[in-house]
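Shown here: upload-v5.cif, mmCIF, C-alpha atoms.
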data_protein
#
loop_
_atom_site.group_PDB
_atom_site.id
_atom_site.type_symbol
_atom_site.label_atom_id
_atom_site.label_comp_id
_atom_site.auth_asym_id
_atom_site.auth_seq_id
_atom_site.Cartn_x
_atom_site.Cartn_y
_atom_site.Cartn_z
ATOM 1 C CA MET A 176 21.001 18.900 6.056
ATOM 2 C CA LYS A 177 23.279 15.961 5.259
ATOM 3 C CA LYS A 178 22.151 14.213 8.455
ATOM 4 C CA ILE A 179 18.479 14.605 7.508
ATOM 5 C CA LEU A 180 19.209 13.354 3.988
ATOM 6 C CA THR A 181 21.025 10.323 5.363
ATOM 7 C CA ILE A 182 18.170 9.500 7.741
ATOM 8 C CA ALA A 183 15.597 9.902 4.960
ATOM 9 C CA ALA A 184 17.627 7.682 2.632
ATOM 10 C CA ILE A 185 18.001 4.995 5.305
ATOM 11 C CA CYS A 186 14.270 5.062 5.996
ATOM 12 C CA LEU A 187 13.410 4.809 2.318
ATOM 13 C CA LEU A 188 15.896 2.010 1.745
ATOM 14 C CA SER A 189 14.581 0.139 4.778
ATOM 15 C CA LEU A 190 11.012 0.456 3.572
ATOM 16 C CA THR A 191 11.933 -0.628 0.061
ATOM 17 C CA ALA A 192 13.924 -3.631 1.228
ATOM 18 C CA ALA A 193 11.210 -4.696 3.625
ATOM 19 C CA ALA A 194 8.495 -4.282 1.004
ATOM 20 C CA GLN A 195 10.412 -6.396 -1.497
ATOM 21 C CA ALA A 196 11.003 -9.089 1.106
ATOM 22 C CA GLN A 197 7.293 -9.422 1.863
ATOM 23 C CA ILE A 198 5.938 -12.953 2.009
ATOM 24 C CA PRO A 199 2.234 -13.412 1.258
ATOM 25 C CA PRO A 200 0.113 -14.227 4.342
ATOM 26 C CA GLN A 201 -0.433 -17.807 3.176
ATOM 27 C CA GLN A 202 3.350 -18.332 3.309
ATOM 28 C CA GLN A 203 3.847 -17.024 6.840
ATOM 29 C CA ARG A 204 5.630 -19.449 9.116
ATOM 30 C CA HIS A 205 4.698 -20.401 12.658
ATOM 31 C CA GLY A 206 2.194 -17.563 13.086
ATOM 32 C CA GLN A 207 4.973 -15.006 12.672
ATOM 33 C CA GLN A 208 3.784 -11.720 11.158
ATOM 34 C CA GLN A 209 5.513 -10.667 7.959
ATOM 35 C CA PHE A 210 5.916 -7.162 6.640
ATOM 36 C CA SER A 211 2.802 -5.789 5.004
ATOM 37 C CA PRO A 212 3.330 -2.607 2.971
ATOM 38 C CA GLU A 213 -0.410 -1.926 3.079
ATOM 39 C CA ARG A 214 -0.511 -2.235 6.865
ATOM 40 C CA PHE A 215 2.620 -0.136 7.233
ATOM 41 C CA ASP A 216 1.138 2.619 5.043
ATOM 42 C CA ALA A 217 -2.167 2.487 6.925
ATOM 43 C CA ASP A 218 -0.352 2.746 10.280
ATOM 44 C CA LEU A 219 1.786 5.628 8.990
ATOM 45 C CA GLN A 220 -1.272 7.474 7.692
ATOM 46 C CA ALA A 221 -3.187 6.934 10.925
ATOM 47 C CA PHE A 222 -0.227 8.132 12.992
ATOM 48 C CA ILE A 223 0.328 11.245 10.870
ATOM 49 C CA THR A 224 -3.400 12.017 10.753
ATOM 50 C CA SER A 225 -3.662 11.761 14.525
ATOM 51 C CA GLU A 226 -0.429 13.556 15.410
ATOM 52 C CA ALA A 227 -0.932 16.411 12.925
ATOM 53 C CA HIS A 228 -4.670 16.660 13.681
ATOM 54 C CA LEU A 229 -5.634 16.355 10.023
ATOM 55 C CA THR A 230 -9.291 16.571 9.151
ATOM 56 C CA PRO A 231 -10.698 13.741 7.008
ATOM 57 C CA GLN A 232 -10.775 16.158 4.064
ATOM 58 C CA GLU A 233 -7.139 17.167 4.563
ATOM 59 C CA ALA A 234 -6.035 13.551 4.897
ATOM 60 C CA ALA A 235 -7.971 12.556 1.759
ATOM 61 C CA ALA A 236 -6.282 15.319 -0.226
ATOM 62 C CA PHE A 237 -2.811 14.968 1.324
ATOM 63 C CA PHE A 238 -2.041 11.241 1.303
ATOM 64 C CA PRO A 239 -2.391 10.527 -2.436
ATOM 65 C CA VAL A 240 0.144 13.298 -3.142
ATOM 66 C CA TYR A 241 2.341 12.030 -0.286
ATOM 67 C CA LYS A 242 2.279 8.521 -1.783
ATOM 68 C CA GLU A 243 3.206 9.957 -5.174
ATOM 69 C CA MET A 244 6.265 11.588 -3.575
ATOM 70 C CA GLN A 245 7.218 8.385 -1.765
ATOM 71 C CA ASP A 246 6.953 6.369 -4.992
ATOM 72 C CA LYS A 247 9.294 8.751 -6.814
ATOM 73 C CA GLN A 248 11.784 8.708 -3.941
ATOM 74 C CA ARG A 249 11.573 4.929 -3.643
ATOM 75 C CA GLU A 250 12.356 4.538 -7.334
ATOM 76 C CA LEU A 251 15.519 6.605 -6.897
ATOM 77 C CA SER A 252 16.472 4.718 -3.723
ATOM 78 C CA ASN A 253 16.121 1.454 -5.624
ATOM 79 C CA ARG A 254 18.439 2.793 -8.316
ATOM 80 C CA GLN A 255 20.900 3.895 -5.654
ATOM 81 C CA ARG A 256 20.848 0.447 -4.089
ATOM 82 C CA GLU A 257 21.363 -1.190 -7.506
ATOM 83 C CA ILE A 258 24.478 0.815 -8.297
ATOM 84 C CA SER A 259 25.930 0.195 -4.843
ATOM 85 C CA THR A 260 25.568 -3.586 -4.706
ATOM 86 C CA THR A 261 28.812 -4.428 -6.494
ATOM 87 C CA LYS A 262 32.062 -2.532 -6.011
ATOM 88 C CA PRO A 263 33.551 -1.447 -9.339
ATOM 89 C CA ALA A 264 36.901 -2.920 -10.291
ATOM 90 C CA ASP A 265 38.777 0.379 -10.529
ATOM 91 C CA ASP A 266 38.920 3.845 -8.993
ATOM 92 C CA GLU A 267 37.183 5.461 -11.976
ATOM 93 C CA GLY A 268 34.238 3.101 -11.606
ATOM 94 C CA CYS A 269 34.080 3.767 -7.854
ATOM 95 C CA MET A 270 34.201 7.506 -8.501
ATOM 96 C CA ASN A 271 31.332 7.218 -10.993
ATOM 97 C CA VAL A 272 29.196 5.242 -8.527
ATOM 98 C CA ILE A 273 29.867 7.777 -5.765
ATOM 99 C CA ARG A 274 28.985 10.689 -8.040
ATOM 100 C CA GLU A 275 25.825 8.994 -9.311
ATOM 101 C CA SER A 276 24.803 8.170 -5.747
ATOM 102 C CA ASP A 277 25.355 11.819 -4.758
ATOM 103 C CA GLU A 278 23.207 12.956 -7.698
ATOM 104 C CA ILE A 279 20.462 10.572 -6.619
ATOM 105 C CA ASP A 280 20.602 11.984 -3.070
ATOM 106 C CA LEU A 281 20.246 15.491 -4.473
ATOM 107 C CA GLU A 282 17.347 14.448 -6.715
ATOM 108 C CA ILE A 283 15.580 12.877 -3.734
ATOM 109 C CA LYS A 284 15.904 16.207 -1.895
ATOM 110 C CA ARG A 285 14.660 18.152 -4.960
ATOM 111 C CA ILE A 286 11.614 15.896 -5.111
ATOM 112 C CA GLN A 287 11.033 16.424 -1.407
ATOM 113 C CA GLN A 288 11.287 20.198 -1.794
ATOM 114 C CA THR A 289 8.896 20.204 -4.766
ATOM 115 C CA TYR A 290 6.353 18.110 -2.898
ATOM 116 C CA HIS A 291 6.653 20.178 0.270
ATOM 117 C CA ASN A 292 5.550 23.162 -1.815
ATOM 118 C CA ARG A 293 2.647 21.124 -3.197
ATOM 119 C CA PHE A 294 1.690 19.975 0.300
ATOM 120 C CA MET A 295 1.433 23.606 1.444
ATOM 121 C CA GLU A 296 -1.284 24.068 -1.171
ATOM 122 C CA ILE A 297 -3.225 21.253 0.548
ATOM 123 C CA VAL A 298 -2.543 21.977 4.231
ATOM 124 C CA SER A 299 -1.201 24.993 6.091
ATOM 125 C CA PRO A 300 2.567 25.291 6.644
ATOM 126 C CA SER A 301 1.910 24.717 10.344
ATOM 127 C CA LYS A 302 0.133 21.436 9.651
ATOM 128 C CA LEU A 303 2.839 20.410 7.192
ATOM 129 C CA TYR A 304 5.409 21.057 9.902
ATOM 130 C CA ASP A 305 3.408 18.767 12.209
ATOM 131 C CA ILE A 306 3.098 16.142 9.456
ATOM 132 C CA LEU A 307 6.846 16.116 8.809
ATOM 133 C CA ASN A 308 7.623 15.800 12.514
ATOM 134 C CA ALA A 309 5.033 13.026 12.918
ATOM 135 C CA GLU A 310 6.577 11.191 9.970
ATOM 136 C CA LYS A 311 10.026 11.390 11.581
ATOM 137 C CA ARG A 312 8.667 10.151 14.919
ATOM 138 C CA PHE A 313 6.886 7.262 13.204
ATOM 139 C CA PHE A 314 10.026 6.120 11.378
ATOM 140 C CA ARG A 315 12.174 6.485 14.520
ATOM 141 C CA ARG A 316 9.645 4.403 16.435
ATOM 142 C CA MET A 317 9.610 1.725 13.707
ATOM 143 C CA MET A 318 13.417 1.573 13.656
ATOM 144 C CA ARG A 319 13.535 1.368 17.451
ATOM 145 C CA ASN A 320 10.929 -1.415 17.449
ATOM 146 C CA TRP A 321 12.827 -3.275 14.762
ATOM 147 C CA GLY A 322 15.995 -3.050 16.867
ATOM 148 C CA ARG A 323 14.089 -4.544 19.803
ATOM 149 C CA GLY A 324 12.869 -7.428 17.672
ATOM 150 C CA ASN A 325 9.144 -6.637 17.565
ATOM 151 C CA THR A 326 7.183 -8.619 14.997
ATOM 152 C CA GLN A 327 4.946 -5.889 13.594
ATOM 153 C CA HIS A 328 5.879 -4.731 10.114
ATOM 154 C CA GLY A 329 8.379 -7.508 9.560
ATOM 155 C CA HIS A 330 10.252 -7.122 12.788
ATOM 156 C CA ARG A 331 11.855 -10.111 14.396
ATOM 157 C CA PRO A 332 10.302 -11.681 17.474
ATOM 158 C CA GLN A 333 12.276 -11.557 20.718
ATOM 159 C CA GLY A 334 14.924 -14.235 20.963
ATOM 160 C CA GLN A 335 15.085 -14.816 17.181
ATOM 161 C CA ARG A 336 17.932 -12.539 16.086
#
Hey, can you dump this file as structure tokens for me?
Amino acid sequence: MKKILTIAAICLLSLTAAAQAQIPPQQQRHGQQQFSPERFDADLQAFITSEAHLTPQEAAAFFPVYKEMQDKQRELSNRQREISTTKPADDEGCMNVIRESDEIDLEIKRIQQTYHNRFMEIVSPSKLYDILNAEKRFFRRMMRNWGRGNTQHGHRPQGQR
């Protein structure tokens, strides 16, 4: 459970950081692609739709609720990043940051649990299982591509590390 929570938090933080670092297309340098949150979301939706075999009706009903969940989780991840940027001066401050960060992790999981129940009102549990696995595969693939220096979704080109 803790491992899944850590992976989810890393993915959310990565997405948030990349989205905030986006440079408009007119400011792209040397033909290098920059991160596009819209393109990333479209690719994620297409991947999940294909991998989970969602019908157009299911996808149309599912993804607005999915985005709502992501927005709530992203807001908490942003707060978590804010409190972790500067180390407090004393042990009490550090303890408070650790406890607040733990509470944020738990709230992210509560949101996820609440939305999973909502999702099962939209798609069958079997399809939700496929959606969740497709989501994990998509994020693993994006992280792997980023590590290799691919340029899609804000990844670095080869040789420019």
Original post:
Where does the PyMOL selection byres ((chain A and resi 274-278) around 10) land in this file, that is, which residues does it pick, as a list in words?
Top reply: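 Listing what the PyMOL selection byres ((chain A and resi 274-278) around 10) selects in the shown file: Leu251, Ser252, Arg254, Gln255, Arg256, Ile258, Ser259, Gly268, Cys269, Met270, Asn271, Val272, Ile273, Ile279, Asp280, Leu281, Glu282, Ile283 and Lys284 of chain A.
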Resolved residues for the PyMOL selection byres ((chain A and resi 316) around 12) as a short mmCIF file (atom, residue, chain, number, x, y, z; two decimals) with C-alpha atoms, in the frame of the given file:
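So the final result, stored in expr_1.cif, reads:
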data_model
loop_
_atom_site.label_atom_id
_atom_site.label_comp_id
_atom_site.auth_asym_id
_atom_site.auth_seq_id
_atom_site.Cartn_x
_atom_site.Cartn_y
_atom_site.Cartn_z
CA CYS A 186 14.27 5.06 6.00
CA ASP A 218 -0.35 2.75 10.28
CA LEU A 219 1.79 5.63 8.99
CA PHE A 222 -0.23 8.13 12.99
CA ALA A 309 5.03 13.03 12.92
CA GLU A 310 6.58 11.19 9.97
CA LYS A 311 10.03 11.39 11.58
CA ARG A 312 8.67 10.15 14.92
CA PHE A 313 6.89 7.26 13.20
CA PHE A 314 10.03 6.12 11.38
CA ARG A 315 12.17 6.48 14.52
CA MET A 317 9.61 1.72 13.71
CA MET A 318 13.42 1.57 13.66
CA ARG A 319 13.54 1.37 17.45
CA ASN A 320 10.93 -1.42 17.45
CA TRP A 321 12.83 -3.28 14.76
CA GLY A 322 16.00 -3.05 16.87
CA ARG A 323 14.09 -4.54 19.80
CA ASN A 325 9.14 -6.64 17.57
CA GLN A 327 4.95 -5.89 13.59
CA HIS A 328 5.88 -4.73 10.11
#
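Our summary of the geometry notes that atom CA of Ala234 of chain A is positioned 9.1 Å from atom CA of Val298 of chain A.
Proximity of A:Ala236, A:Glu213, A:Pro231, A:Lys262 to Ile297 of chain A, computed with all atoms listed in the file, is greatest for A:Ala236.
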Would you give the centre and edge lengths, in Å to one decimal, of a box along x, y and z around the listed atoms of segment 286-300 of chain A, with 3 Å added to each side, as AutoDock Vina command-line options?
--center_x 4.2 --center_y 20.6 --center_z 0.8 --size_x 20.8 --size_y 15.4 --size_z 17.8
**OP:** Select, from A:Ala264, A:Ile223, A:Ala217, A:Ile286, the residue with the minimum atom-to-atom distance to Glu243 of chain A, counting all atoms listed in the file.
**Re:** A:Ile286
**OP:** Figure out the distance between atom CA of Arg285 of chain A and atom CA of Glu226 of chain A, please, to one decimal in Å.
**Re:**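 Interatomic distance here is 25.8 Å.
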Subject >> Interatomic distance (Å, one decimal) between atom CA of Met244 of chain A and atom CA of Gln287 of chain A >> reply: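 Atom-to-atom, atom CA of Met244 of chain A to atom CA of Gln287 of chain A, that is 7.1 Å.
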